[in-house]
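One file, my_file34.cif, carrying mmCIF, C-alpha atoms:
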data_upload
#
loop_
_atom_site.label_atom_id
_atom_site.label_comp_id
_atom_site.auth_asym_id
_atom_site.auth_seq_id
_atom_site.Cartn_x
_atom_site.Cartn_y
_atom_site.Cartn_z
CA MET A 18 14.02 35.24 -32.69
CA SER A 19 16.74 33.56 -30.68
CA PHE A 20 17.23 32.50 -27.09
CA ASN A 21 19.48 30.50 -24.83
CA ARG A 22 18.27 28.70 -21.70
CA THR A 23 19.98 26.44 -19.19
CA PHE A 24 18.23 23.96 -16.89
CA LYS A 25 19.52 21.61 -14.19
CA TYR A 26 17.69 18.45 -13.18
CA LEU A 27 17.99 15.93 -10.39
CA SER A 28 19.01 12.45 -11.48
CA ASN A 29 15.75 10.63 -11.03
CA PRO A 30 13.53 9.08 -13.70
CA GLU A 31 10.73 11.59 -13.00
CA SER A 32 12.95 14.44 -14.17
CA GLY A 33 12.34 13.30 -17.75
CA GLU A 34 8.72 14.43 -17.59
CA GLN A 35 9.68 17.74 -16.00
CA MET A 36 12.27 18.35 -18.71
CA LEU A 37 9.71 17.64 -21.46
CA ASP A 38 7.22 20.01 -19.81
CA ASP A 39 9.88 22.73 -19.64
CA LEU A 40 10.92 22.31 -23.28
CA ASN A 41 7.37 21.99 -24.53
CA ASP A 42 6.66 25.43 -23.11
CA LEU A 43 9.97 26.90 -24.26
CA LEU A 44 9.56 25.67 -27.85
CA ASP A 45 5.89 26.44 -28.15
CA ILE A 46 6.41 29.20 -30.68
CA ARG A 47 5.07 29.30 -34.18
CA GLU A 48 8.47 29.72 -35.83
CA ILE A 49 9.39 26.13 -34.97
CA SER A 50 7.54 23.54 -37.02
CA PRO A 51 5.82 20.71 -35.12
CA GLN A 52 8.06 18.16 -36.89
CA GLN A 53 11.24 19.97 -35.88
CA LYS A 54 10.00 20.42 -32.34
CA TYR A 55 9.19 16.71 -32.09
CA SER A 56 12.57 15.68 -33.51
CA PHE A 57 14.38 18.02 -31.12
CA LEU A 58 12.42 16.86 -28.06
CA LEU A 59 12.93 13.22 -28.96
CA ALA A 60 16.68 13.56 -29.46
CA ILE A 61 17.07 15.52 -26.21
CA SER A 62 14.87 13.07 -24.35
CA GLU A 63 17.06 10.13 -25.41
CA ALA A 64 20.28 11.85 -24.36
CA PHE A 65 18.66 13.01 -21.12
CA THR A 66 17.50 9.50 -20.16
CA ASN A 67 20.96 8.12 -20.88
CA ALA A 68 22.50 10.87 -18.74
CA ILE A 69 20.31 10.01 -15.75
CA ILE A 70 20.39 6.22 -16.02
CA HIS A 71 23.80 5.43 -17.49
CA GLY A 72 25.77 8.59 -16.74
CA ASN A 73 24.64 9.55 -13.26
CA GLN A 74 23.20 6.11 -12.47
CA CYS A 75 20.22 7.79 -10.77
CA ASN A 76 22.52 9.18 -8.06
CA PRO A 77 20.43 11.92 -6.38
CA GLU A 78 23.57 13.90 -5.63
CA LYS A 79 24.34 14.28 -9.32
CA THR A 80 22.55 16.53 -11.78
CA VAL A 81 22.02 16.74 -15.52
CA LYS A 82 22.62 20.13 -17.15
CA LEU A 83 20.66 20.97 -20.25
CA THR A 84 21.43 24.00 -22.39
CA VAL A 85 19.10 24.87 -25.24
CA ILE A 86 19.93 27.41 -27.93
CA VAL A 87 17.44 28.44 -30.59
CA ASN A 88 18.33 30.85 -33.36
CA GLU A 89 17.26 31.45 -36.92
CA ASN A 90 19.61 28.76 -38.26
CA GLU A 91 19.39 25.89 -35.83
CA LEU A 92 18.03 24.27 -32.72
CA SER A 93 20.82 23.02 -30.52
CA ALA A 94 21.14 21.40 -27.11
CA ASP A 95 23.93 20.20 -24.83
CA ILE A 96 23.10 17.48 -22.32
CA GLU A 97 25.82 17.00 -19.71
CA ASP A 98 25.99 14.38 -16.96
CA GLU A 99 28.35 13.93 -14.00
CA GLY A 100 29.21 10.30 -14.64
CA GLN A 101 32.40 8.57 -15.72
CA GLY A 102 33.44 6.82 -18.90
CA GLY A 103 30.42 7.76 -20.97
CA LEU A 104 32.42 8.28 -24.13
CA LYS A 105 33.83 4.75 -23.91
CA ASN A 106 30.30 3.39 -23.51
CA ILE A 107 29.19 5.23 -26.64
CA ASP A 108 32.14 3.84 -28.59
CA ASN A 109 31.55 0.28 -27.37
CA ARG A 110 27.79 0.11 -27.76
CA GLN A 111 26.32 -2.91 -29.52
CA PRO A 112 23.39 -2.85 -31.96
CA SER A 113 20.11 -3.61 -30.23
CA GLN A 114 18.30 -6.86 -31.00
CA PRO A 115 14.57 -6.84 -31.85
CA PHE A 116 13.43 -7.99 -28.42
CA ASP A 117 15.87 -5.89 -26.37
CA GLU A 118 14.06 -3.42 -24.15
CA GLY A 119 16.81 -0.82 -24.42
CA GLY A 120 19.72 0.28 -26.57
CA ARG A 121 17.90 2.33 -29.22
CA GLY A 122 18.38 5.83 -27.80
CA ILE A 123 21.60 6.73 -29.59
CA ASP A 124 20.24 5.42 -32.90
CA LEU A 125 17.20 7.67 -32.53
CA ILE A 126 19.32 10.70 -31.64
CA GLU A 127 21.47 10.13 -34.70
CA HIS A 128 18.41 9.65 -36.91
CA TYR A 129 16.60 12.82 -35.85
CA ALA A 130 19.54 15.19 -35.36
CA THR A 131 21.36 16.92 -38.19
CA ALA A 132 24.59 16.56 -36.21
CA VAL A 133 25.59 14.95 -32.90
CA CYS A 134 28.86 15.37 -31.04
CA TYR A 135 29.95 13.39 -27.97
CA SER A 136 32.63 14.76 -25.65
CA GLU A 137 33.83 14.36 -22.08
CA SER A 138 34.34 17.04 -19.48
CA PRO A 139 37.66 17.12 -17.55
CA ALA A 140 35.78 15.51 -14.65
CA GLY A 141 34.70 12.63 -16.89
CA GLY A 142 31.04 13.48 -17.49
CA LEU A 143 29.57 12.95 -20.94
CA LYS A 144 28.31 15.87 -22.99
CA VAL A 145 26.02 15.14 -25.92
CA SER A 146 25.63 18.08 -28.31
CA ILE A 147 22.68 17.91 -30.68
CA LYS A 148 21.95 20.20 -33.61
CA ILE A 149 18.95 20.35 -35.90
CA LEU A 150 19.16 22.73 -38.82
CA ARG A 151 16.01 24.72 -39.33
CA GLN A 152 14.23 24.20 -42.61
CA LYS A 153 14.36 26.93 -45.19
CA GLY A 154 11.11 28.82 -45.20
CA VAL A 155 10.17 28.03 -41.61
CA LEU A 156 11.15 31.48 -40.42
CA LYS A 157 8.60 34.16 -41.14
CA MET B 17 0.08 9.61 -19.11
CA ASN B 18 -3.49 8.62 -18.55
CA LEU B 19 -4.59 5.00 -19.08
CA LYS B 20 -8.26 4.29 -19.65
CA VAL B 21 -9.09 0.60 -19.48
CA ARG B 22 -12.25 -1.10 -20.62
CA GLU B 23 -13.15 -4.75 -21.01
CA GLU B 24 -14.87 -6.28 -24.01
CA SER B 25 -15.47 -10.00 -24.45
CA GLY B 26 -12.65 -10.87 -22.07
CA ALA B 27 -10.16 -8.52 -23.75
CA ARG B 28 -8.61 -5.52 -22.01
CA ILE B 29 -8.52 -2.43 -24.17
CA ILE B 30 -6.22 0.28 -22.92
CA ALA B 31 -6.45 3.79 -24.37
CA LEU B 32 -3.17 5.61 -23.79
CA ASN B 33 -3.18 9.38 -23.50
CA GLY B 34 -0.08 11.57 -23.22
CA ARG B 35 3.61 10.72 -23.27
CA LEU B 36 4.98 7.21 -23.23
CA GLU B 37 8.48 7.41 -21.77
CA LEU B 38 10.49 6.13 -18.81
CA THR B 39 8.14 6.67 -15.88
CA THR B 40 4.86 6.28 -17.73
CA GLY B 41 6.21 3.21 -19.51
CA LYS B 42 6.85 1.61 -16.14
CA GLU B 43 3.25 2.31 -15.16
CA LEU B 44 2.00 0.65 -18.35
CA LYS B 45 4.23 -2.40 -17.87
CA GLU B 46 2.93 -2.87 -14.32
CA LYS B 47 -0.68 -2.55 -15.45
CA ILE B 48 -0.24 -5.16 -18.18
CA LYS B 49 1.54 -7.54 -15.81
CA VAL B 50 -1.41 -7.31 -13.41
CA PHE B 51 -3.81 -8.13 -16.25
CA CYS B 52 -1.72 -11.10 -17.38
CA ASP B 53 -1.34 -12.39 -13.81
CA SER B 54 -5.10 -12.26 -13.42
CA GLY B 55 -5.67 -14.38 -16.52
CA THR B 56 -6.20 -11.83 -19.30
CA THR B 57 -4.63 -13.06 -22.53
CA ARG B 58 -5.99 -10.53 -25.02
CA ILE B 59 -4.75 -6.97 -24.64
CA HIS B 60 -5.11 -4.10 -27.06
CA LEU B 61 -3.46 -0.69 -26.85
CA ASN B 62 -5.20 2.19 -28.59
CA MET B 63 -2.44 4.76 -29.11
CA GLU B 64 -4.47 7.49 -30.78
CA GLN B 65 -3.80 9.99 -27.99
CA VAL B 66 -0.09 9.21 -27.54
CA GLU B 67 1.56 12.55 -28.16
CA PHE B 68 5.16 11.46 -27.57
CA ILE B 69 7.09 8.19 -27.40
CA ASN B 70 10.80 7.58 -26.96
CA SER B 71 13.00 4.50 -26.72
CA SER B 72 12.04 4.00 -23.07
CA GLY B 73 8.40 3.90 -24.12
CA LEU B 74 9.25 1.40 -26.86
CA GLY B 75 11.11 -0.66 -24.26
CA ALA B 76 8.00 -0.70 -22.09
CA LEU B 77 5.93 -1.97 -25.02
CA ILE B 78 8.47 -4.73 -25.72
CA SER B 79 8.38 -5.73 -22.07
CA ALA B 80 4.57 -5.77 -22.19
CA MET B 81 4.65 -7.93 -25.30
CA LYS B 82 6.96 -10.42 -23.56
CA GLU B 83 4.62 -10.51 -20.57
CA VAL B 84 1.62 -11.23 -22.79
CA ARG B 85 3.52 -13.94 -24.68
CA LEU B 86 4.40 -15.64 -21.39
CA VAL B 87 0.70 -16.32 -20.90
CA LYS B 88 0.37 -17.27 -24.59
CA GLY B 89 -1.70 -14.19 -25.14
CA ARG B 90 -1.98 -11.59 -27.86
CA LEU B 91 -1.06 -7.90 -27.75
CA THR B 92 -2.17 -5.58 -30.53
CA LEU B 93 -1.68 -1.85 -31.13
CA SER B 94 -3.73 0.57 -33.18
CA ASN B 95 -4.30 4.20 -34.15
CA LEU B 96 -0.66 5.24 -34.17
CA ALA B 97 -0.11 8.87 -35.16
CA PRO B 98 2.31 9.22 -38.11
CA TYR B 99 5.16 10.48 -35.91
CA VAL B 100 4.69 7.53 -33.54
CA ARG B 101 4.50 5.04 -36.38
CA GLU B 102 7.71 6.52 -37.80
CA ILE B 103 9.62 5.61 -34.64
CA PHE B 104 8.43 2.00 -34.92
CA ASP B 105 9.65 1.98 -38.51
CA ILE B 106 13.04 3.56 -37.76
CA THR B 107 13.74 1.07 -34.99
CA GLN B 108 12.33 -1.78 -37.09
CA LEU B 109 9.92 -2.65 -34.30
CA ALA B 110 6.98 -2.44 -36.69
CA HIS B 111 7.99 -5.97 -37.67
CA ILE B 112 7.59 -7.48 -34.23
CA PHE B 113 4.42 -5.73 -33.07
CA GLU B 114 0.98 -6.45 -34.45
CA ILE B 115 -0.07 -2.96 -35.52
CA HIS B 116 -3.50 -2.15 -36.97
CA GLU B 117 -5.01 1.00 -38.38
CA THR B 118 -7.97 0.90 -36.03
CA GLU B 119 -9.17 -0.86 -32.93
CA GLN B 120 -11.91 -2.55 -34.96
CA ALA B 121 -9.35 -3.89 -37.43
CA ALA B 122 -7.30 -5.33 -34.58
CA PHE B 123 -10.29 -7.28 -33.30
CA ALA B 124 -11.44 -8.30 -36.76
CA SER B 125 -8.05 -9.83 -37.47
CA SER B 126 -7.19 -13.26 -36.14
CA GLU B 127 -3.61 -13.02 -37.33
CA SER B 128 -0.85 -13.34 -34.83
CA VAL B 129 2.75 -12.25 -35.05
CA THR B 130 4.90 -14.94 -36.60
CA VAL B 131 8.26 -13.55 -35.56
CA SER B 132 9.67 -15.83 -32.89
CA GLN B 133 11.41 -14.55 -29.82
CA ARG B 134 15.17 -15.06 -29.83
#

Mind turning this structure into structure tokens?
Amino acid sequence: MSFNRTFKYLSNPESGEQMLDDLNDLLDIREISPQQKYSFLLAISEAFTNAIIHGNQCNPEKTVKLTVIVNENELSADIEDEGQGGLKNIDNRQPSQPFDEGGRGIDLIEHYATAVCYSESPAGGLKVSIKILRQKGVLK
Amino acid sequence: MNLKVREESGARIIALNGRLELTTGKELKEKIKVFCDSGTTRIHLNMEQVEFINSSGLGALISAMKEVRLVKGRLTLSNLAPYVREIFDITQLAHIFEIHETEQAAFASSESVTVSQR
């Protein structure tokens, strides 16, 4: 079982719920364990929120592109925004303090993903690539 | 997310149902601010039906905690599913929230969080 799907979302905070609805349906298959599904959704959700808020700065004229690939070895996703300087922001981020209301998204992505790669498009947008290796024995 | 609110002995008990993320977190923050502005100082969140939480949802809870502390009140949480509790542990926020196994335990306890706000 493998598939590849691409979605595009408007840069508004409500798109986060739509994205989770879309992925919940897409990943609702017995071959993916609930734990892996949760980890994958959480990591994507963090990158997606960053793309809308920090990358596209909620500009309604900009979109976030999400590509999801599922195959027998891994779950992977690319989240791409149309902002500028995202890579620099990743490099310069500071650890969050206990009472900070934000700043934990990247830490959560890096905790739940097997691998994360950050890159910039020629136009300057940030692409976050997330991979989660599928556990041995999950496939039937 | 669906919020069901009930009042018991002056406390507001909010049962959260669904996902706690950016937009629903904002809704929760606004609700708690209204309660604090109207004089409620004891707020409890029953998170048994929270199926998903991300860092935006955690941020909303931190904001709510600050709001409650401004009125010298007390915010407690209970009934966290294991995958929700894990996120509190990973982010080390389990240390700054008063988390109980059950709603009853939260109300039986008179302890308050001793971590001071920086």

Could you please tell me, as a ChimeraX atom specification, which residues of chain B have an atom within 6 Å of chain A when using all atoms listed in the file?
-> /B:71,75,78

Could you tell me which residues the PyMOL selection byres ((chain B and resi 91-105) around 9) grabs in this file, written as a ChimeraX atom specification? /A:52,55,125 /B:57-71,74,80-81,84-85,89-90,106-111,113-123,128

Within-9 Å shell of (-4.6, 4.5, -12.4) in input frame, all atoms listed in the file, as a short mmCIF file (atom, residue, chain, number, x, y, z; two decimals) with C-alpha atoms, keeping the file's coordinate frame:
data_model
loop_
_atom_site.label_atom_id
_atom_site.label_comp_id
_atom_site.auth_asym_id
_atom_site.auth_seq_id
_atom_site.Cartn_x
_atom_site.Cartn_y
_atom_site.Cartn_z
CA ASN B 18 -3.49 8.62 -18.55
CA LEU B 19 -4.59 5.00 -19.08
CA LYS B 20 -8.26 4.29 -19.65
CA GLU B 43 3.25 2.31 -15.16
CA LYS B 47 -0.68 -2.55 -15.45
#

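Within 10 Å of the point (20.0, 14.8, -11.6) in file coordinates, and counting all atoms listed in the file, lie the residues Lys25, Tyr26, Leu27, Ser28, Asn29, Pro30, Glu31, Ser32, Gly33, Phe65, Ala68, Ile69, Ile70, Gly72, Asn73, Gln74, Cys75, Asn76, Pro77, Glu78, Lys79, Thr80, Val81, Lys82, Asp98 and Glu99 of chain A.
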
Restricting the output to C-alpha atoms, write the selected residues as a PDB file, keeping the file's coordinate frame.
ATOM      1  CA  LYS A  25      19.520  21.610 -14.190  1.00  0.00           C
ATOM      2  CA  TYR A  26      17.690  18.450 -13.180  1.00  0.00           C
ATOM      3  CA  LEU A  27      17.990  15.930 -10.390  1.00  0.00           C
ATOM      4  CA  SER A  28      19.010  12.450 -11.480  1.00  0.00           C
ATOM      5  CA  ASN A  29      15.750  10.630 -11.030  1.00  0.00           C
ATOM      6  CA  PRO A  30      13.530   9.080 -13.700  1.00  0.00           C
ATOM      7  CA  GLU A  31      10.730  11.590 -13.000  1.00  0.00           C
ATOM      8  CA  SER A  32      12.950  14.440 -14.170  1.00  0.00           C
ATOM      9  CA  GLY A  33      12.340  13.300 -17.750  1.00  0.00           C
ATOM     10  CA  PHE A  65      18.660  13.010 -21.120  1.00  0.00           C
ATOM     11  CA  ALA A  68      22.500  10.870 -18.740  1.00  0.00           C
ATOM     12  CA  ILE A  69      20.310  10.010 -15.750  1.00  0.00           C
ATOM     13  CA  ILE A  70      20.390   6.220 -16.020  1.00  0.00           C
ATOM     14  CA  GLY A  72      25.770   8.590 -16.740  1.00  0.00           C
ATOM     15  CA  ASN A  73      24.640   9.550 -13.260  1.00  0.00           C
ATOM     16  CA  GLN A  74      23.200   6.110 -12.470  1.00  0.00           C
ATOM     17  CA  CYS A  75      20.220   7.790 -10.770  1.00  0.00           C
ATOM     18  CA  ASN A  76      22.520   9.180  -8.060  1.00  0.00           C
ATOM     19  CA  PRO A  77      20.430  11.920  -6.380  1.00  0.00           C
ATOM     20  CA  GLU A  78      23.570  13.900  -5.630  1.00  0.00           C
ATOM     21  CA  LYS A  79      24.340  14.280  -9.320  1.00  0.00           C
ATOM     22  CA  THR A  80      22.550  16.530 -11.780  1.00  0.00           C
ATOM     23  CA  VAL A  81      22.020  16.740 -15.520  1.00  0.00           C
ATOM     24  CA  LYS A  82      22.620  20.130 -17.150  1.00  0.00           C
ATOM     25  CA  ASP A  98      25.990  14.380 -16.960  1.00  0.00           C
ATOM     26  CA  GLU A  99      28.350  13.930 -14.000  1.00  0.00           C
TER      27      GLU A  99
END

Compile the contact shell of Asp95 of chain A as number ranges by chain: residues with an atom at most 6 Å away, counting all atoms listed in the file, same-chain residues fewer than 5 positions apart removed.
A: 83-84, 145-146

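Pairwise distance (atom CA of Gly34 of chain B, atom CA of Val87 of chain B) equals 28.0 Å.
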
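Put simply, atom CA of Met18 of chain A is 8.4 Å away from atom CA of Glu48 of chain A.
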